[in-house]
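Have a look at final.txt; it's compact mmCIF, C-alpha atoms:
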# COMPACT_ATOMS: atom_id res chain seq x y z
CA MET A 1 -50.44 -36.71 29.79
CA VAL A 2 -50.82 -32.96 30.29
CA LEU A 3 -48.64 -33.11 33.39
CA LEU A 4 -45.94 -35.02 31.50
CA ILE A 5 -45.57 -32.40 28.73
CA PRO A 6 -43.56 -29.84 30.77
CA LEU A 7 -41.40 -32.65 32.15
CA ALA A 8 -40.65 -33.87 28.65
CA ALA A 9 -39.77 -30.32 27.61
CA CYS A 10 -37.33 -30.03 30.50
CA GLY A 11 -35.78 -33.31 29.46
CA GLN A 12 -35.26 -32.04 25.90
CA LYS A 13 -33.61 -28.87 27.19
CA ASP A 14 -31.22 -30.90 29.31
CA LYS A 15 -30.15 -32.85 26.22
CA LEU A 16 -28.92 -29.76 24.39
CA THR A 17 -25.22 -29.98 23.56
CA LYS A 18 -23.32 -27.00 24.94
CA VAL A 19 -20.98 -25.20 22.53
CA THR A 20 -18.89 -22.15 23.36
CA VAL A 21 -18.09 -19.79 20.49
CA GLY A 22 -15.49 -17.07 20.86
CA GLU A 23 -16.03 -14.15 18.47
CA VAL A 24 -13.07 -11.89 17.74
CA THR A 25 -15.35 -8.90 18.36
CA HIS A 26 -19.09 -8.24 18.65
CA SER A 27 -20.33 -6.75 15.40
CA LEU A 28 -23.26 -6.37 13.00
CA PHE A 29 -20.75 -7.73 10.50
CA TYR A 30 -21.53 -11.14 12.01
CA ALA A 31 -25.33 -10.85 11.73
CA PRO A 32 -25.92 -14.44 10.50
CA LEU A 33 -24.36 -15.83 13.71
CA TYR A 34 -26.86 -13.95 15.87
CA VAL A 35 -29.73 -14.85 13.55
CA ALA A 36 -28.88 -18.53 14.05
CA SER A 37 -29.47 -17.92 17.75
CA SER A 38 -32.43 -15.52 17.65
CA GLU A 39 -34.39 -17.54 15.08
CA GLY A 40 -33.84 -20.78 17.00
CA PHE A 41 -31.70 -22.55 14.41
CA PHE A 42 -29.13 -23.68 16.98
CA LYS A 43 -31.83 -25.09 19.26
CA ASP A 44 -33.44 -26.85 16.31
CA GLU A 45 -30.15 -28.71 15.95
CA GLY A 46 -30.06 -29.57 19.66
CA LEU A 47 -27.35 -27.05 20.51
CA ASP A 48 -27.01 -24.63 23.39
CA VAL A 49 -24.57 -22.09 21.94
CA ASN A 50 -22.87 -19.56 24.18
CA ILE A 51 -21.32 -16.68 22.23
CA LYS A 52 -18.71 -14.56 23.96
CA PRO A 53 -16.33 -11.89 22.61
CA THR A 54 -12.65 -12.82 22.80
CA TRP A 55 -11.47 -9.35 21.72
CA GLY A 56 -8.68 -9.94 19.23
CA GLY A 57 -7.19 -12.57 16.94
CA ASP A 58 -4.36 -13.52 19.30
CA LYS A 59 -6.71 -13.94 22.25
CA THR A 60 -9.14 -15.98 20.16
CA MET A 61 -6.35 -18.37 19.13
CA THR A 62 -5.13 -18.64 22.71
CA ALA A 63 -8.65 -19.49 23.87
CA LEU A 64 -8.98 -22.16 21.16
CA LEU A 65 -5.61 -23.76 21.83
CA SER A 66 -6.23 -23.85 25.59
CA ASP A 67 -9.78 -25.23 25.21
CA GLY A 68 -11.29 -22.06 26.64
CA ILE A 69 -13.69 -22.11 23.69
CA ASP A 70 -14.81 -24.84 21.29
CA ILE A 71 -15.16 -22.74 18.13
CA GLY A 72 -13.58 -19.44 17.17
CA LEU A 73 -14.98 -16.83 14.79
CA VAL A 74 -11.97 -14.91 13.56
CA GLY A 75 -9.99 -14.03 10.46
CA SER A 76 -8.60 -17.04 8.60
CA GLU A 77 -5.13 -15.51 8.62
CA THR A 78 -4.84 -16.42 12.32
CA SER A 79 -4.97 -20.14 11.50
CA ILE A 80 -1.99 -19.61 9.17
CA TYR A 81 -0.03 -17.80 11.90
CA VAL A 82 -0.62 -20.66 14.35
CA TYR A 83 0.28 -23.31 11.78
CA ALA A 84 3.51 -21.52 10.85
CA GLN A 85 4.61 -21.57 14.51
CA GLY A 86 4.33 -25.33 14.53
CA THR A 87 1.51 -27.34 16.10
CA ARG A 88 0.44 -30.97 16.22
CA ASP A 89 -3.20 -29.94 16.43
CA PRO A 90 -3.74 -27.22 13.79
CA ILE A 91 -6.69 -24.84 13.73
CA ILE A 92 -9.00 -25.82 10.89
CA ASN A 93 -11.41 -23.48 9.03
CA PHE A 94 -14.67 -25.39 8.57
CA ALA A 95 -17.28 -22.71 7.82
CA GLN A 96 -17.07 -19.22 6.37
CA LEU A 97 -19.25 -16.38 7.66
CA THR A 98 -18.10 -13.22 5.88
CA GLN A 99 -16.47 -13.05 2.46
CA THR A 100 -15.30 -9.44 2.13
CA ASP A 101 -13.46 -6.92 4.23
CA GLY A 102 -15.83 -5.07 6.57
CA THR A 103 -14.14 -1.67 6.80
CA PHE A 104 -14.84 1.64 5.10
CA LEU A 105 -12.75 4.67 4.25
CA VAL A 106 -14.01 7.71 6.14
CA SER A 107 -12.94 11.24 5.22
CA ARG A 108 -12.94 14.09 7.69
CA LYS A 109 -14.21 16.45 4.99
CA ALA A 110 -17.07 15.91 2.58
CA VAL A 111 -15.78 14.84 -0.85
CA GLU A 112 -18.03 15.18 -3.89
CA ASN A 113 -15.95 13.26 -6.43
CA PHE A 114 -13.68 11.05 -4.38
CA SER A 115 -10.57 9.56 -5.96
CA TRP A 116 -8.13 7.26 -4.18
CA GLN A 117 -5.43 9.63 -5.37
CA ASP A 118 -6.84 12.15 -2.87
CA LEU A 119 -5.06 10.18 -0.15
CA LYS A 120 -1.62 11.12 -1.44
CA GLY A 121 -0.01 13.57 0.96
CA SER A 122 -2.71 12.98 3.58
CA THR A 123 -2.55 11.48 7.08
CA PHE A 124 -4.20 8.08 7.06
CA LEU A 125 -5.25 6.45 10.33
CA GLY A 126 -5.07 2.74 9.60
CA GLN A 127 -5.68 -0.47 11.50
CA ARG A 128 -3.36 -2.59 13.66
CA LYS A 129 -0.38 -4.02 11.80
CA GLY A 130 -0.68 -7.74 11.01
CA GLY A 131 -4.49 -7.88 11.13
CA MET A 132 -6.70 -8.39 8.09
CA PRO A 133 -8.11 -4.81 8.09
CA GLN A 134 -4.59 -3.36 7.88
CA MET A 135 -3.44 -5.85 5.26
CA VAL A 136 -6.51 -5.30 3.09
CA GLY A 137 -6.17 -1.54 3.55
CA GLU A 138 -2.61 -1.52 2.25
CA PHE A 139 -3.50 -4.00 -0.51
CA VAL A 140 -6.23 -1.67 -1.81
CA LEU A 141 -3.98 1.39 -1.63
CA LYS A 142 -1.29 -0.39 -3.64
CA ASN A 143 -3.86 -1.47 -6.23
CA HIS A 144 -4.62 2.22 -6.74
CA GLY A 145 -0.95 3.09 -7.19
CA ILE A 146 -0.43 4.43 -3.68
CA ASP A 147 2.63 3.44 -1.66
CA PRO A 148 1.45 3.39 1.99
CA LYS A 149 4.98 4.01 3.23
CA LYS A 150 5.88 6.89 0.89
CA ASP A 151 2.77 8.59 -0.51
CA LEU A 152 1.02 9.35 2.79
CA LYS A 153 1.58 9.49 6.52
CA LEU A 154 0.40 6.13 7.79
CA ILE A 155 -0.48 5.81 11.50
CA GLN A 156 -0.77 2.23 12.82
CA ASN A 157 0.28 2.48 16.45
CA ILE A 158 -3.17 3.12 17.94
CA ASP A 159 -5.11 0.29 19.59
CA PHE A 160 -8.17 -0.95 17.72
CA ALA A 161 -10.54 0.25 20.45
CA ASN A 162 -9.12 3.79 20.30
CA ILE A 163 -8.87 4.39 16.54
CA ALA A 164 -12.33 5.95 16.23
CA ASN A 165 -11.76 8.20 19.25
CA ALA A 166 -8.40 9.33 17.86
CA PHE A 167 -10.02 10.36 14.58
CA ALA A 168 -12.91 12.08 16.37
CA SER A 169 -10.41 14.10 18.42
CA GLY A 170 -8.66 15.37 15.29
CA THR A 171 -6.05 12.81 14.29
CA GLY A 172 -5.87 12.03 10.57
CA ASP A 173 -7.51 13.21 7.35
CA TYR A 174 -8.82 9.71 6.59
CA VAL A 175 -9.53 6.68 8.75
CA GLN A 176 -10.33 3.02 8.13
CA LEU A 177 -13.36 2.12 10.26
CA PHE A 178 -15.71 -0.77 10.87
CA GLU A 179 -19.44 -0.39 11.15
CA PRO A 180 -21.48 0.83 12.92
CA THR A 181 -18.88 3.46 13.85
CA ALA A 182 -18.50 4.63 10.24
CA SER A 183 -22.26 5.22 9.84
CA ILE A 184 -22.54 6.81 13.29
CA PHE A 185 -19.73 9.24 12.43
CA GLU A 186 -21.47 10.10 9.18
CA LYS A 187 -24.81 10.66 10.94
CA GLU A 188 -23.15 12.90 13.56
CA GLY A 189 -21.17 14.83 10.96
CA LYS A 190 -17.79 13.64 12.26
CA GLY A 191 -16.84 12.03 8.97
CA HIS A 192 -18.02 10.94 5.54
CA ILE A 193 -17.89 7.42 4.07
CA VAL A 194 -16.21 7.75 0.68
CA ALA A 195 -15.24 4.17 -0.21
CA SER A 196 -15.52 0.51 0.81
CA PHE A 197 -12.45 -1.65 1.30
CA GLY A 198 -14.72 -4.69 0.95
CA LYS A 199 -15.74 -3.73 -2.57
CA GLU A 200 -12.16 -2.98 -3.56
CA SER A 201 -10.39 -6.09 -2.25
CA GLY A 202 -12.57 -8.86 -3.69
CA LEU A 203 -13.74 -12.08 -2.07
CA VAL A 204 -11.67 -13.31 0.85
CA PRO A 205 -12.33 -15.56 3.90
CA TYR A 206 -12.43 -12.54 6.19
CA THR A 207 -14.04 -14.28 9.16
CA SER A 208 -14.56 -18.02 9.48
CA PHE A 209 -15.55 -20.53 12.11
CA MET A 210 -12.63 -22.71 13.12
CA SER A 211 -11.69 -25.32 15.69
CA LYS A 212 -8.79 -27.52 16.61
CA GLN A 213 -8.46 -30.49 14.28
CA SER A 214 -8.96 -32.83 17.25
CA PHE A 215 -12.21 -31.11 18.27
CA ILE A 216 -13.68 -31.52 14.78
CA LYS A 217 -12.62 -35.18 14.69
CA ASN A 218 -14.03 -35.97 18.13
CA ASN A 219 -17.20 -33.88 17.78
CA LYS A 220 -18.09 -34.34 14.12
CA GLU A 221 -21.85 -34.46 14.71
CA THR A 222 -21.82 -31.30 16.83
CA VAL A 223 -19.76 -29.39 14.26
CA GLU A 224 -22.11 -30.59 11.51
CA LYS A 225 -25.17 -29.42 13.47
CA PHE A 226 -23.52 -26.07 14.15
CA THR A 227 -22.65 -25.59 10.47
CA ARG A 228 -26.17 -26.56 9.39
CA ALA A 229 -27.63 -23.92 11.71
CA ILE A 230 -25.22 -21.31 10.32
CA TYR A 231 -26.17 -22.23 6.75
CA ARG A 232 -29.87 -21.81 7.59
CA ALA A 233 -29.06 -18.40 9.09
CA GLN A 234 -27.06 -17.38 6.02
CA GLN A 235 -29.98 -18.29 3.78
CA TRP A 236 -32.38 -16.45 6.10
CA VAL A 237 -30.25 -13.29 6.00
CA ASP A 238 -29.98 -13.51 2.23
CA SER A 239 -33.77 -13.71 1.80
CA HIS A 240 -34.83 -11.11 4.38
CA SER A 241 -34.61 -7.32 4.43
CA ALA A 242 -32.15 -5.30 6.47
CA LYS A 243 -35.05 -4.13 8.63
CA GLU A 244 -36.14 -7.69 9.38
CA ILE A 245 -32.59 -8.77 10.17
CA ALA A 246 -32.04 -5.80 12.46
CA ALA A 247 -35.29 -6.60 14.29
CA SER A 248 -34.28 -10.25 14.70
CA ILE A 249 -30.94 -9.45 16.36
CA LYS A 250 -32.00 -6.28 18.18
CA ALA A 251 -31.34 -7.84 21.60
CA GLU A 252 -27.66 -8.23 20.65
CA PHE A 253 -27.27 -4.51 19.89
CA LYS A 254 -29.47 -2.68 22.38
CA ASP A 255 -27.27 0.42 22.36
CA THR A 256 -27.27 0.77 18.56
CA PRO A 257 -30.14 2.85 17.10
CA ALA A 258 -32.44 0.81 14.84
CA ASP A 259 -31.86 3.08 11.84
CA ILE A 260 -28.08 2.68 12.16
CA SER A 261 -28.39 -1.13 12.39
CA GLU A 262 -30.55 -1.19 9.27
CA THR A 263 -28.15 1.07 7.37
CA VAL A 264 -25.15 -1.06 8.32
CA ILE A 265 -26.80 -4.38 7.49
CA ALA A 266 -28.11 -3.03 4.18
CA ARG A 267 -24.61 -1.83 3.27
CA TYR A 268 -23.06 -5.20 4.06
CA LYS A 269 -25.78 -7.05 2.15
CA GLU A 270 -25.42 -4.75 -0.87
CA GLN A 271 -21.69 -5.40 -1.18
CA GLY A 272 -22.03 -9.14 -0.57
CA SER A 273 -20.16 -9.27 2.73
CA TYR A 274 -22.39 -11.97 4.21
CA ALA A 275 -21.56 -15.35 2.69
CA THR A 276 -24.69 -17.19 1.54
CA ASN A 277 -23.21 -20.60 2.34
CA PRO A 278 -20.43 -21.81 4.66
CA ILE A 279 -18.09 -23.07 1.92
CA LEU A 280 -14.64 -21.46 1.92
CA ASP A 281 -13.39 -21.98 -1.63
CA GLU A 282 -9.84 -22.31 -2.89
CA LYS A 283 -9.85 -19.03 -4.85
CA GLU A 284 -10.68 -17.07 -1.70
CA TRP A 285 -7.89 -18.87 0.18
CA ALA A 286 -5.44 -17.90 -2.55
CA ASN A 287 -6.60 -14.26 -2.41
CA LEU A 288 -6.11 -14.25 1.37
CA GLN A 289 -2.52 -15.40 1.08
CA ASN A 290 -1.85 -12.97 -1.75
CA ILE A 291 -3.02 -10.07 0.45
CA MET A 292 -0.88 -11.34 3.34
CA LYS A 293 2.14 -11.69 1.05
CA GLU A 294 1.71 -8.15 -0.30
CA ALA A 295 1.66 -6.87 3.27
CA GLY A 296 4.80 -8.84 4.15
CA GLU A 297 2.86 -10.80 6.79
CA LEU A 298 2.66 -14.29 5.21
CA PRO A 299 5.02 -16.50 7.25
CA LYS A 300 4.76 -19.38 4.76
CA GLU A 301 2.52 -20.63 1.95
CA VAL A 302 -0.07 -23.04 3.33
CA GLY A 303 -2.02 -25.40 1.11
CA TYR A 304 -5.78 -25.00 0.90
CA LYS A 305 -6.57 -28.52 2.13
CA THR A 306 -4.09 -28.22 4.99
CA LEU A 307 -6.17 -25.73 6.99
CA VAL A 308 -9.57 -25.79 5.28
CA ASN A 309 -12.15 -28.56 5.72
CA THR A 310 -15.11 -28.18 3.34
CA LYS A 311 -16.62 -31.65 3.77
CA ILE A 312 -19.11 -30.55 6.41
CA ALA A 313 -19.96 -27.25 4.68
CA ASN A 314 -20.52 -29.02 1.37
CA SER A 315 -22.67 -31.66 3.05
CA VAL A 316 -25.03 -29.26 4.84
CA SER A 317 -25.26 -26.96 1.81
CA LYS A 318 -26.73 -29.82 -0.20
What does the file become when written as structure tokens?
Amino acid sequence: MVLLIPLAACGQKDKLTKVTVGEVTHSLFYAPLYVASSEGFFKDEGLDVNIKPTWGGDKTMTALLSDGIDIGLVGSETSIYVYAQGTRDPIINFAQLTQTDGTFLVSRKAVENFSWQDLKGSTFLGQRKGGMPQMVGEFVLKNHGIDPKKDLKLIQNIDFANIANAFASGTGDYVQLFEPTASIFEKEGKGHIVASFGKESGLVPYTSFMSKQSFIKNNKETVEKFTRAIYRAQQWVDSHSAKEIAASIKAEFKDTPADISETVIARYKEQGSYATNPILDEKEWANLQNIMKEAGELPKEVGYKTLVNTKIANSVSK
């Protein structure tokens, strides 16, 4: 019997269903995904999940459509872009991970009593045109009575990977940055976080798990197991401290100092960026399309039920 135990364990390992997840980037913003792996929630569901960065919305969609990955973690706006181009096998959002924008406004100079009106006449280093960070950025500016095209000098022609370096080298008075770069800049004295775009823009399906409609139909049990593991991770993140979360996913961010990881996770938790369940609701979908429309990037209105499947998320959340 003792000799059979390791053999049985090997047999169980071989039975794990392999799932490849392509993440649009690798970020503390996606902490619940890594918790699902580090805390063993995927394995509990019989899944062997391989997470790999796909570096960009377009590349993530290409990987999904060509079966290079099974599931994509990317902004929900990308599913609308693909649908608008015409497809017999649309990309379906089945589980939400983050529910706010994840960027912050960083000022080159320290500002004691920041006002959004301070941006008027300044040089603002924004995000890539057509992506959610840029659309949310402009949406927030407009809500504060600022015309991005007239009231400031808006720079959007710098690649995502080089935006932080451009600001550090002297370009711009303000910059829109993701974490942990924003906190690192603040710690090093290169900039000062003065506002959160996530707090200003409201709830939106900023990053969701999605797959081809055919994959969900043909692998319903696998998708359900995956979503259940994500839900467990979301609940775990919601009930644990930033320090505990940072410790759990430390292996994913070896080059990020522990204090920075804790600061970033605490900030995202405080502003409610991490969804506590995988359900993408209709109000969030409407807000997403409103932001896209304001930015002039919505190719066509797409019904909630056309690209969002909540059956699995509702089921596991119960």
Q: Mind checking which residues fall within 10 Å of A:Gly296, counting all atoms listed in the file, ignoring those fewer than 5 positions away in the same chain, and posting them as a list of chain:residue names?
A: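 Once the nearby chain positions are removed, what remains is A:Gly130, A:Met135, A:Asn290, A:Ile291.
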Q. Please, what distance in Å, to one decimal, runs between atom CA of A:Thr25 and atom CA of A:Thr98?
A.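 Distance reported for this atom pair: 13.5 Å.
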Produce a table with one row for each residue of stretch 52-103 of chain A that has an atom at most 10 Å from any atom of stretch 192-208 of chain A, each row naming the nearest atom pair and its distance in Å at one decimal; use all atoms listed in the file; arrange rows by chain and rising residue number; format as JSON lines.
{"residue": "A:Ile71", "atom": "CA", "partner": "A:Ser208", "partner_atom": "CA", "distance": 9.9}
{"residue": "A:Gly72", "atom": "CA", "partner": "A:Ser208", "partner_atom": "CA", "distance": 7.9}
{"residue": "A:Leu73", "atom": "CA", "partner": "A:Ser208", "partner_atom": "CA", "distance": 5.5}
{"residue": "A:Val74", "atom": "CA", "partner": "A:Thr207", "partner_atom": "CA", "distance": 4.9}
{"residue": "A:Gly75", "atom": "CA", "partner": "A:Thr207", "partner_atom": "CA", "distance": 4.3}
{"residue": "A:Ser76", "atom": "CA", "partner": "A:Ser208", "partner_atom": "CA", "distance": 6.1}
{"residue": "A:Glu77", "atom": "CA", "partner": "A:Tyr206", "partner_atom": "CA", "distance": 8.2}
{"residue": "A:Thr78", "atom": "CA", "partner": "A:Thr207", "partner_atom": "CA", "distance": 10.0}
{"residue": "A:Ile92", "atom": "CA", "partner": "A:Ser208", "partner_atom": "CA", "distance": 9.7}
{"residue": "A:Asn93", "atom": "CA", "partner": "A:Ser208", "partner_atom": "CA", "distance": 6.3}
{"residue": "A:Phe94", "atom": "CA", "partner": "A:Ser208", "partner_atom": "CA", "distance": 7.4}
{"residue": "A:Ala95", "atom": "CA", "partner": "A:Ser208", "partner_atom": "CA", "distance": 5.7}
{"residue": "A:Gln96", "atom": "CA", "partner": "A:Ser208", "partner_atom": "CA", "distance": 4.2}
{"residue": "A:Leu97", "atom": "CA", "partner": "A:Ser208", "partner_atom": "CA", "distance": 5.3}
{"residue": "A:Thr98", "atom": "CA", "partner": "A:Thr207", "partner_atom": "CA", "distance": 5.3}
{"residue": "A:Gln99", "atom": "CA", "partner": "A:Pro205", "partner_atom": "CA", "distance": 5.1}
{"residue": "A:Thr100", "atom": "CA", "partner": "A:Gly198", "partner_atom": "CA", "distance": 4.9}
{"residue": "A:Asp101", "atom": "CA", "partner": "A:Gly198", "partner_atom": "CA", "distance": 4.2}
{"residue": "A:Gly102", "atom": "CA", "partner": "A:Gly198", "partner_atom": "CA", "distance": 5.7}
{"residue": "A:Thr103", "atom": "CA", "partner": "A:Phe197", "partner_atom": "CA", "distance": 5.8}
Q: Between A:Ser27, A:Thr263, A:Gln234, A:Ser241, single out the one closest to A:Phe41, counting all atoms listed in the file.
A: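 Looking only at the distances to A:Phe41, the closest residue turns out to be A:Gln234.
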**Q.** Interatomic distance, atom CA of A:Val136 to atom CA of A:Arg108 (Å, one decimal)
**A.**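 About the pair atom CA of A:Val136 and atom CA of A:Arg108: they are 20.9 Å apart.
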Q: Identify, on the basis of all atoms listed in the file, every residue whose closest approach to A:Ile230 does not exceed 8 Å; exclude the query and any residue fewer than 6 positions from it along the same chain; express the result as a PyMOL selection string.
A: chain A and resi 32-33+36+41+278
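Across the structure, atom CA of A:Ala182 and atom CA of A:Ile146 are spaced 22.8 Å apart.
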**Q.** Best match for closeness to A:Lys269 among A:Lys220, A:Lys52, A:Lys129, A:His240, counting all atoms listed in the file
**A.**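 Among the listed residues, the smallest separation from A:Lys269 belongs to A:His240.
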Q. Counting all atoms listed in the file, which of A:Thr62, A:Asn219, A:Thr256, A:Ser211 gets nearest to A:Lys18?
A. A:Asn219
Q. Which residue, A:Gly68, A:Pro133, A:Pro299, A:Gly145, has the smallest gap to A:Leu119 when you use all atoms listed in the file?
A. A:Gly145
**Q.** Residue with smallest distance to A:Tyr30 - pool A:Asn50, A:Asn113, A:Thr181, A:Ser273, counting only C-alpha atoms
**A.** A:Ser273
(Q) When you count only C-alpha atoms, which of these residues is closest to A:Ala233: A:Val21, A:Val35, A:Leu125, A:Met132? (A)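 For A:Ala233, the nearest of the candidates is A:Val35.
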Any chance you could work out the axis-aligned box around stretch 179-196 of chain A, listed atoms only, 6 Å on each side, giving centre and edge lengths in Å to one decimal, as JSON?
{"center_x": -20.0, "center_y": 7.2, "center_z": 6.8, "size_x": 21.6, "size_y": 27.2, "size_z": 26.1}
Q | A:His144 surroundings by all atoms listed in the file, 8 Å radius, close-in-sequence under 4 positions cut, as a list in words | A |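 Result of the neighbour search: Trp116, Gln117 and Val140 of chain A.
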Please produce a file of the residues just selected, as a tab-separated table (two decimals), in the frame of the given file, where the atoms kept are C-alpha atoms.
chain	number	residue	atom	x	y	z
A	116	TRP	CA	-8.13	7.26	-4.18
A	117	GLN	CA	-5.43	9.63	-5.37
A	140	VAL	CA	-6.23	-1.67	-1.81
(Q) Set the distance at 12 Å and use only C-alpha atoms: which residues neighbour A:Asp67 once local chain neighbours fewer than 6 positions away are removed? I'd like the list as a list of chain:residue names. (A) A:Val19, A:Thr20, A:Val21, A:Gly22, A:Thr60, A:Met61, A:Asp89, A:Ile91, A:Ser211, A:Lys212, A:Ser214, A:Phe215
**Q.** All residues 9 Å or closer to A:Lys109, only C-alpha atoms, same chain fewer than 4 positions away omitted, as a ChimeraX atom specification
**A.** /A:173-174,190-192
Stretch 283-290 of chain A rebuilt with all heavy atoms, output as a compact mmCIF listing (two decimals), in the frame of the given file:
# COMPACT_ATOMS: atom_id res chain seq x y z
N LYS A 283 -10.21 -20.33 -4.28
CA LYS A 283 -9.85 -19.03 -4.85
C LYS A 283 -9.76 -17.97 -3.76
O LYS A 283 -8.86 -17.12 -3.77
CB LYS A 283 -10.87 -18.62 -5.91
CG LYS A 283 -10.50 -17.37 -6.68
CD LYS A 283 -11.50 -17.08 -7.78
CE LYS A 283 -11.13 -15.82 -8.56
NZ LYS A 283 -12.11 -15.52 -9.64
N GLU A 284 -10.69 -18.02 -2.82
CA GLU A 284 -10.68 -17.07 -1.70
C GLU A 284 -9.43 -17.28 -0.83
O GLU A 284 -8.82 -16.32 -0.36
CB GLU A 284 -11.94 -17.24 -0.86
CG GLU A 284 -13.22 -16.78 -1.54
CD GLU A 284 -14.44 -17.10 -0.71
OE1 GLU A 284 -14.60 -18.26 -0.29
OE2 GLU A 284 -15.25 -16.19 -0.48
N TRP A 285 -9.07 -18.55 -0.61
CA TRP A 285 -7.89 -18.87 0.18
C TRP A 285 -6.63 -18.32 -0.48
O TRP A 285 -5.75 -17.79 0.18
CB TRP A 285 -7.80 -20.39 0.36
CG TRP A 285 -6.70 -20.84 1.27
CD1 TRP A 285 -5.51 -21.42 0.91
CD2 TRP A 285 -6.69 -20.77 2.70
NE1 TRP A 285 -4.76 -21.72 2.02
CE2 TRP A 285 -5.46 -21.33 3.14
CE3 TRP A 285 -7.59 -20.28 3.65
CZ2 TRP A 285 -5.11 -21.42 4.48
CZ3 TRP A 285 -7.24 -20.38 5.00
CH2 TRP A 285 -6.02 -20.93 5.41
N ALA A 286 -6.59 -18.42 -1.80
CA ALA A 286 -5.44 -17.90 -2.55
C ALA A 286 -5.38 -16.38 -2.45
O ALA A 286 -4.29 -15.79 -2.30
CB ALA A 286 -5.52 -18.34 -4.00
N ASN A 287 -6.55 -15.73 -2.52
CA ASN A 287 -6.60 -14.26 -2.41
C ASN A 287 -6.14 -13.80 -1.03
O ASN A 287 -5.43 -12.80 -0.90
CB ASN A 287 -8.01 -13.76 -2.70
CG ASN A 287 -8.07 -12.25 -2.92
OD1 ASN A 287 -7.11 -11.65 -3.38
ND2 ASN A 287 -9.20 -11.65 -2.61
N LEU A 288 -6.53 -14.56 0.00
CA LEU A 288 -6.11 -14.25 1.37
C LEU A 288 -4.58 -14.25 1.47
O LEU A 288 -3.99 -13.30 1.99
CB LEU A 288 -6.70 -15.27 2.34
CG LEU A 288 -6.11 -15.29 3.75
CD1 LEU A 288 -6.47 -14.02 4.50
CD2 LEU A 288 -6.59 -16.52 4.52
N GLN A 289 -3.97 -15.30 0.97
CA GLN A 289 -2.52 -15.40 1.08
C GLN A 289 -1.80 -14.37 0.21
O GLN A 289 -0.72 -13.90 0.56
CB GLN A 289 -2.06 -16.82 0.74
CG GLN A 289 -2.58 -17.85 1.74
CD GLN A 289 -1.83 -19.16 1.69
OE1 GLN A 289 -0.74 -19.28 2.23
NE2 GLN A 289 -2.41 -20.15 1.03
N ASN A 290 -2.41 -14.01 -0.91
CA ASN A 290 -1.85 -12.97 -1.75
C ASN A 290 -1.83 -11.62 -1.03
O ASN A 290 -0.84 -10.88 -1.07
CB ASN A 290 -2.65 -12.85 -3.05
CG ASN A 290 -2.05 -11.85 -4.02
OD1 ASN A 290 -0.84 -11.76 -4.16
ND2 ASN A 290 -2.91 -11.09 -4.69
